[in-house]
Amino acid sequence: MDENKVFEYTRYTQDIEAMKAAHQVLAEYAFTPSLPQKGYNNRSLHIDLGTLKFTEKKIDEAMKQTFTGGRGFGLKYLWDAIKPGTKWNDPENDIIISPGPICGITQYPGAGKSLVVTLSPITNIPIDSNVGGYFGPLLKFSGFDALEIQGKAKEDVIIVLDGVKGKVTIETAPQESLDSHIAAEQFTHQYAADEADLRNVSVVSSGAAAAHSLIGCLNFSYYDVRRKVTRLKQAGRGGIGTVFRDKKIKALVVHGPQVKGDMNHPADLGRIQRAGVKLHREMHDFDDKMCGMRKVGTTNIVGVMNSYDLLPVMNFQYGSHADAPKIDKTTWIKQFTQGIPDGCWYGCSMACAHGVDEFALRTGPYKGHKVVVDGPEYETAAGCGSNCGIFDPLWVIECNFYCDTYGIDTISFGTITGFIMECWQRGILNAERTGGLDMSWGKGESQLELMHQMARGEGFGLIAGQGVQRMKRIFADKGWGDFAFLTDIGLEGKGLEQSEYMSKESLAQQGGYYLTNKGPQHDEAWVIFMDMVNNQIPTFEDKAEALYYFPMFRTWFGLNGLCKLPWNDIEPGDNRTKNAPMDAAKVPEHVQNYVDLFSGVTGREITKEEIIKMSERVYQFQRVFDLRMGKGVRKYDQPPYRAMGPVTKEEYESRQERYDKQLKDWMNIDPSTKSTEEKIALHRKYREDRYQKLVEAVYKRRGWTADGVPTLETLKRNGIDFPEVVEVVAKHQ
Amino acid sequence: MKYLKTSPAKCQGVRACEKTCSQTFFKTGDPSKSAIQVKEVGGKFEINVCNQCGECIPICPVKALSRNKLGVVMLDKKLCVGCLMCVGYCPTLSMRTHPDLREPFKCVACGACVKDCPEKALEIAER
Ligand code: SF4
Ligand code: SF4
């Protein structure tokens, strides 16, 4: 890109001073700004929107030892805030944003993440979401390791935290937009002192559709100094935006001090710098040959998934499609502006936060506007694209834009729309039932209209916004379809829509999805390749070991405010030659970098093994939390059959050769003697049994009972045998 | 474009340049704080210093790197966030970092080292 290029976007900054003048301050609190020492401020801020009270909480050594930070702090605060019977829309539900001790360093890629935790409206258990943008680091550099918001406001409010002046206010903001691409721009410009200060402001907002659905997301902004526009990153999963809007929050605004490279006051800056330069150099040397993250981000795998028959196509019926190349990286490299540092925090040389610039919208209230669209990422291209039979990249971009600005999770929306389209295909839905929307495969325009309905709170969009689990019940109750069949084809677990990988042919990935704490989301374990393509974990014990190690290891990113991608979407050049395949999958040299980062920031020397221990404490605690909220046992860890094998004849026939061979090899059955229906039934029996064996092996490895409950011994080993935790599991031993 | 031109064939490894550079910018003779670095490789000397190619400019997330009127790539410490991406992306590995320093540093073609080199291996040139 030409350094002096001027991007032309529709601007929303007219009248912002008048809008600001219309704010009414409802409550104000003064605090002493501080910078972290060795990664921690040792305090958090609690805000009650019902009583308009502010409380600072101390964070002591014991809390840091047990929960580390980030997602750990979020879960601990949520545990203290709610009761077993709490519902997501009760005032005591808590939204916690916590960055973690490493968060905010600028030298190592992927170190600006915030973790958001709340009681999810869609699962009724805790959800945690890992998000970029500058809010978390600026919150930390204002003086707080976490921000907690409880209670409900009476009218729409914003919370403004000024870490330079040491002031927090709760204000009305009646005129600014709810939709994030506008809200972020308006509030950023209102609270920055001048142009140079724009990058020291970050806004958290949702959008018009969050209040009318259970799948609302949050957008975390940052100011892009080259494009001169606010960008958005999403805390997508589990309906956090819905809780945010239920509390009547329009936006959170943080204004922090100018960022420098040592704001965490790390114990050993040199150690962090060495790790950082090493990784930047690997990106420089190998990214083009490895994943191409700097050019196309996570969309690099659309084509890979398609060629391995793993891309979700038409509600996960199929794994590939002839039109998939239209939405693979060959398209995105042209759509994304190239040669621009697209990190979602300073120092991310992986730079996957790409944007489609000056995109002219074709539908909805912003039709004709020229905007920057953040993404699409792989999940959006696959979920809102191929999974809905949509292979026109312009519809995928439009859908991505509206999901973000309306505050909707693109993953849930993609899986929901795929489900609806299959219901249409099978006559479970028709024009009369959808209020006139033609939900045939590939109808991008209908998909967008469904989204606009969600934002307006009307029509079939309201039903879609309830998510797959509730739609199954609604369609069956109306007599439109058979509940058992809807359950087979509805890709959800614990109420959360599955993210966008086909797990049918990988038993380990079925576990990777459905043996998770929060529901089927790939951030715990992505083991498809290891399992299916490379066949590196053949036995149940091998798979169970992978489903122990990877979820624990990956949990650690969320404790510290880190991104997972720079761990293994780039590797040292000799990673594969120096290490045995299973070790190579762990990228040992990068794990050592994380040891150096943690020790370098906090001054607390840890080892690679300690990483797993730190994570396991929080992981087991979260499992007990699920149990406390009424889930967290075996029956909630079951996948829909579509995630495990072929439900329908067409699916079977699309992979007949593979499935017939498996009948011979696995079950010793001659396929030529069986009808397709019989073969489907045989597969189903075999695959469901096999999953149960996996469950048993994984539970054993994780130190859980046969019903999936952590044993007392496991709690003790992890140092989380606090009386209130023990009390929850005691009934289940 | 102004830059520091080197003639490694003339270099005898005196390293006066390293001392001058670190003295000029950091008031220390510590060669690890010099923007110009001399390395002995197989009995010969290699001189590593920024050639003002400018490849680091678009890498910087905060536009802290830019060319001045003479074409020299300058780092604005007020804007810099110390991310060191420019260090990792320098084609000749001539952007420097030091654990005492929050921001990286580089050769600004000031020429202070030129006159201190007894072998006349350095000169300020135009390209
Ligand atoms: S790899 Fe991508 S998501 Fe992760 S920190 Fe970097 S820019 Fe953000
Ligand atoms: S270290 Fe400073 S000058 Fe170099 S890329 Fe980072 S912010 Fe820019």
# chains A, B, ... in the order shown; residues from 1 in each chain; ligands from 1
$ interface_residues --of "chain A" --to "chain B" --cutoff "7 Å" --atoms "only C-alpha atoms" --output "list in words"
Glu3, Thr106, Gln107, Val225, Val259, Lys260, Gly261, Asp262, Leu269, Gly270, Val277, His280, Arg281, His284, Ile340, Pro341, Tyr346, Gly347 and Ser349 of chain A
$ write_last_selection --atoms "C-alpha atoms" --output "PDB file, in the first residue's frame"
ATOM      1  CA  GLU A   3       1.971   5.172   2.661  1.00  0.00           C
ATOM      2  CA  THR A 106       4.179  -4.605  22.751  1.00  0.00           C
ATOM      3  CA  GLN A 107       7.200  -6.714  21.801  1.00  0.00           C
ATOM      4  CA  VAL A 225      -3.634   5.315  12.213  1.00  0.00           C
ATOM      5  CA  VAL A 259       1.397   3.536  25.193  1.00  0.00           C
ATOM      6  CA  LYS A 260       5.104   2.812  25.533  1.00  0.00           C
ATOM      7  CA  GLY A 261       7.045  -0.430  25.422  1.00  0.00           C
ATOM      8  CA  ASP A 262       7.494  -0.821  29.173  1.00  0.00           C
ATOM      9  CA  LEU A 269      12.473  -6.234  29.569  1.00  0.00           C
ATOM     10  CA  GLY A 270      15.424  -7.745  27.702  1.00  0.00           C
ATOM     11  CA  VAL A 277      12.468 -10.101  17.945  1.00  0.00           C
ATOM     12  CA  HIS A 280       9.112 -11.157  14.364  1.00  0.00           C
ATOM     13  CA  ARG A 281      12.030 -12.620  12.457  1.00  0.00           C
ATOM     14  CA  HIS A 284       9.573 -12.248   8.284  1.00  0.00           C
ATOM     15  CA  ILE A 340      -0.603  -2.507   5.971  1.00  0.00           C
ATOM     16  CA  PRO A 341       0.263  -3.480   9.559  1.00  0.00           C
ATOM     17  CA  TYR A 346       0.795  -3.110  18.835  1.00  0.00           C
ATOM     18  CA  GLY A 347       3.542  -5.532  17.954  1.00  0.00           C
ATOM     19  CA  SER A 349       3.572  -8.982  13.325  1.00  0.00           C
TER      20      SER A 349
END
$ residues_around --residues "Ala22 (chain A)" --least-positions-apart "6" --cutoff "9 Å" --atoms "only C-alpha atoms" --output "ChimeraX atom specification"
/A:172-175
$ closest_residue --among "B:Cys21, B:Val73, B:Cys53, B:Ala9" --to "Cys113 (chain B)" --atoms "only C-alpha atoms"
B:Cys21
$ residues_around --residues "Lys44 (chain B)" --least-positions-apart "6" --cutoff "9 Å" --atoms "only C-alpha atoms" --output "PyMOL selection string"
chain B and resi 8-9+11-13
$ residues_around --residues "Tyr636 (chain A)" --least-positions-apart "4" --cutoff "10 Å" --atoms "only C-alpha atoms" --output "list in words"
Gly493, Lys494, Gly495, Tyr514, Leu515, Thr516, Gly519, Gly630, Lys631, Gly632 and Gly708 of chain A
$ write_last_selection --atoms "N, CA and C atoms" --output "PDB file, in the first residue's frame"
ATOM      1  N   GLY A 493     -24.157 -27.604  21.094  1.00  0.00           N
ATOM      2  CA  GLY A 493     -23.905 -28.385  22.293  1.00  0.00           C
ATOM      3  C   GLY A 493     -23.994 -27.453  23.478  1.00  0.00           C
ATOM      4  N   LYS A 494     -24.658 -27.876  24.510  1.00  0.00           N
ATOM      5  CA  LYS A 494     -24.881 -27.049  25.710  1.00  0.00           C
ATOM      6  C   LYS A 494     -25.633 -25.760  25.349  1.00  0.00           C
ATOM      7  N   GLY A 495     -26.179 -25.697  24.131  1.00  0.00           N
ATOM      8  CA  GLY A 495     -26.892 -24.497  23.688  1.00  0.00           C
ATOM      9  C   GLY A 495     -26.069 -23.612  22.773  1.00  0.00           C
ATOM     10  N   TYR A 514     -17.092 -31.210  21.882  1.00  0.00           N
ATOM     11  CA  TYR A 514     -18.213 -31.437  22.806  1.00  0.00           C
ATOM     12  C   TYR A 514     -17.778 -31.756  24.231  1.00  0.00           C
ATOM     13  N   LEU A 515     -16.476 -31.999  24.446  1.00  0.00           N
ATOM     14  CA  LEU A 515     -15.987 -32.171  25.813  1.00  0.00           C
ATOM     15  C   LEU A 515     -15.328 -30.875  26.272  1.00  0.00           C
ATOM     16  N   THR A 516     -15.983 -29.766  25.976  1.00  0.00           N
ATOM     17  CA  THR A 516     -15.453 -28.452  26.340  1.00  0.00           C
ATOM     18  C   THR A 516     -16.278 -27.865  27.474  1.00  0.00           C
ATOM     19  N   GLY A 519     -18.980 -25.151  25.514  1.00  0.00           N
ATOM     20  CA  GLY A 519     -19.746 -25.533  24.327  1.00  0.00           C
ATOM     21  C   GLY A 519     -18.807 -25.669  23.145  1.00  0.00           C
ATOM     22  N   GLY A 630     -25.949 -26.220  37.010  1.00  0.00           N
ATOM     23  CA  GLY A 630     -26.899 -27.246  36.584  1.00  0.00           C
ATOM     24  C   GLY A 630     -26.493 -28.035  35.357  1.00  0.00           C
ATOM     25  N   LYS A 631     -25.307 -27.751  34.782  1.00  0.00           N
ATOM     26  CA  LYS A 631     -24.828 -28.584  33.675  1.00  0.00           C
ATOM     27  C   LYS A 631     -23.553 -29.301  34.145  1.00  0.00           C
ATOM     28  N   GLY A 632     -22.561 -29.391  33.304  1.00  0.00           N
ATOM     29  CA  GLY A 632     -21.292 -29.960  33.760  1.00  0.00           C
ATOM     30  C   GLY A 632     -21.307 -31.444  34.080  1.00  0.00           C
ATOM     31  N   GLY A 708     -18.460 -37.294  34.651  1.00  0.00           N
ATOM     32  CA  GLY A 708     -17.829 -36.049  34.197  1.00  0.00           C
ATOM     33  C   GLY A 708     -17.624 -35.004  35.282  1.00  0.00           C
TER      34      GLY A 708
END
$ atom_distance --atom1 "CA of Tyr699 (chain A)" --atom2 "CA of Thr711 (chain A)"
10.3 Å
$ atom_distance --atom1 "atom 5 (S, counted along the ligand's line) of ligand 2" --atom2 "CA of Ser32 (chain B)"
20.0 Å
$ residues_near_ligand --ligand "ligand 1" --cutoff "7 Å" --atoms "only C-alpha atoms and all ligand atoms" --output "JSON, numbers by chain"
{"A": [109, 110, 111, 112, 132, 342, 343, 344, 345, 348, 349, 350, 351, 352, 353, 563, 564, 565, 566]}
$ write_last_selection --atoms "N, CA and C atoms" --output "short mmCIF file (atom, residue, chain, number, x, y, z; two decimals), in the first residue's frame"
data_model
loop_
_atom_site.label_atom_id
_atom_site.label_comp_id
_atom_site.auth_asym_id
_atom_site.auth_seq_id
_atom_site.Cartn_x
_atom_site.Cartn_y
_atom_site.Cartn_z
N PRO A 109 4.14 -10.82 19.39
CA PRO A 109 2.85 -10.85 18.70
C PRO A 109 1.72 -11.43 19.57
N GLY A 110 0.56 -10.83 19.44
CA GLY A 110 -0.64 -11.40 20.07
C GLY A 110 -0.77 -11.12 21.54
N ALA A 111 -0.32 -9.97 22.02
CA ALA A 111 -0.31 -9.74 23.46
C ALA A 111 -1.25 -8.62 23.90
N GLY A 112 -2.35 -8.44 23.18
CA GLY A 112 -3.26 -7.36 23.59
C GLY A 112 -4.67 -7.82 23.85
N GLY A 132 -9.45 -9.04 20.69
CA GLY A 132 -8.41 -8.03 20.48
C GLY A 132 -8.96 -6.62 20.63
N ASP A 342 -1.65 -4.90 10.04
CA ASP A 342 -2.99 -5.19 10.54
C ASP A 342 -2.98 -5.97 11.85
N GLY A 343 -2.31 -5.46 12.85
CA GLY A 343 -2.34 -6.13 14.17
C GLY A 343 -3.49 -5.57 14.99
N CYS A 344 -4.12 -6.43 15.80
CA CYS A 344 -5.20 -5.92 16.65
C CYS A 344 -4.66 -5.35 17.96
N TRP A 345 -3.33 -5.40 18.10
CA TRP A 345 -2.64 -4.69 19.18
C TRP A 345 -1.23 -4.42 18.67
N CYS A 348 1.83 -6.92 16.91
CA CYS A 348 1.45 -8.20 16.33
C CYS A 348 1.89 -8.26 14.88
N SER A 349 3.06 -8.86 14.69
CA SER A 349 3.57 -8.98 13.32
C SER A 349 2.83 -10.08 12.56
N MET A 350 2.04 -10.88 13.24
CA MET A 350 1.23 -11.87 12.53
C MET A 350 0.12 -11.16 11.75
N ALA A 351 -0.36 -10.06 12.34
CA ALA A 351 -1.18 -9.09 11.60
C ALA A 351 -2.33 -9.70 10.81
N CYS A 352 -3.14 -10.49 11.46
CA CYS A 352 -4.21 -11.17 10.72
C CYS A 352 -5.49 -10.34 10.66
N ALA A 353 -5.50 -9.16 11.32
CA ALA A 353 -6.75 -8.39 11.43
C ALA A 353 -6.99 -7.57 10.16
N CYS A 563 -3.07 -14.06 22.41
CA CYS A 563 -3.72 -14.67 21.26
C CYS A 563 -3.09 -16.02 21.00
N LYS A 564 -3.91 -16.96 20.60
CA LYS A 564 -3.40 -18.30 20.30
C LYS A 564 -2.61 -18.36 19.00
N LEU A 565 -2.97 -17.51 18.04
CA LEU A 565 -2.44 -17.72 16.67
C LEU A 565 -0.91 -17.69 16.56
N PRO A 566 -0.22 -16.75 17.20
CA PRO A 566 1.24 -16.74 17.04
C PRO A 566 1.95 -17.94 17.69
#
$ residues_around --residues "Trp556 (chain A)" --least-positions-apart "4" --cutoff "12 Å" --atoms "only C-alpha atoms" --output "ChimeraX atom specification"
/A:67-72,100-102,115,130,523-524,549-552,560-564,567,591,594-595,598,608-619
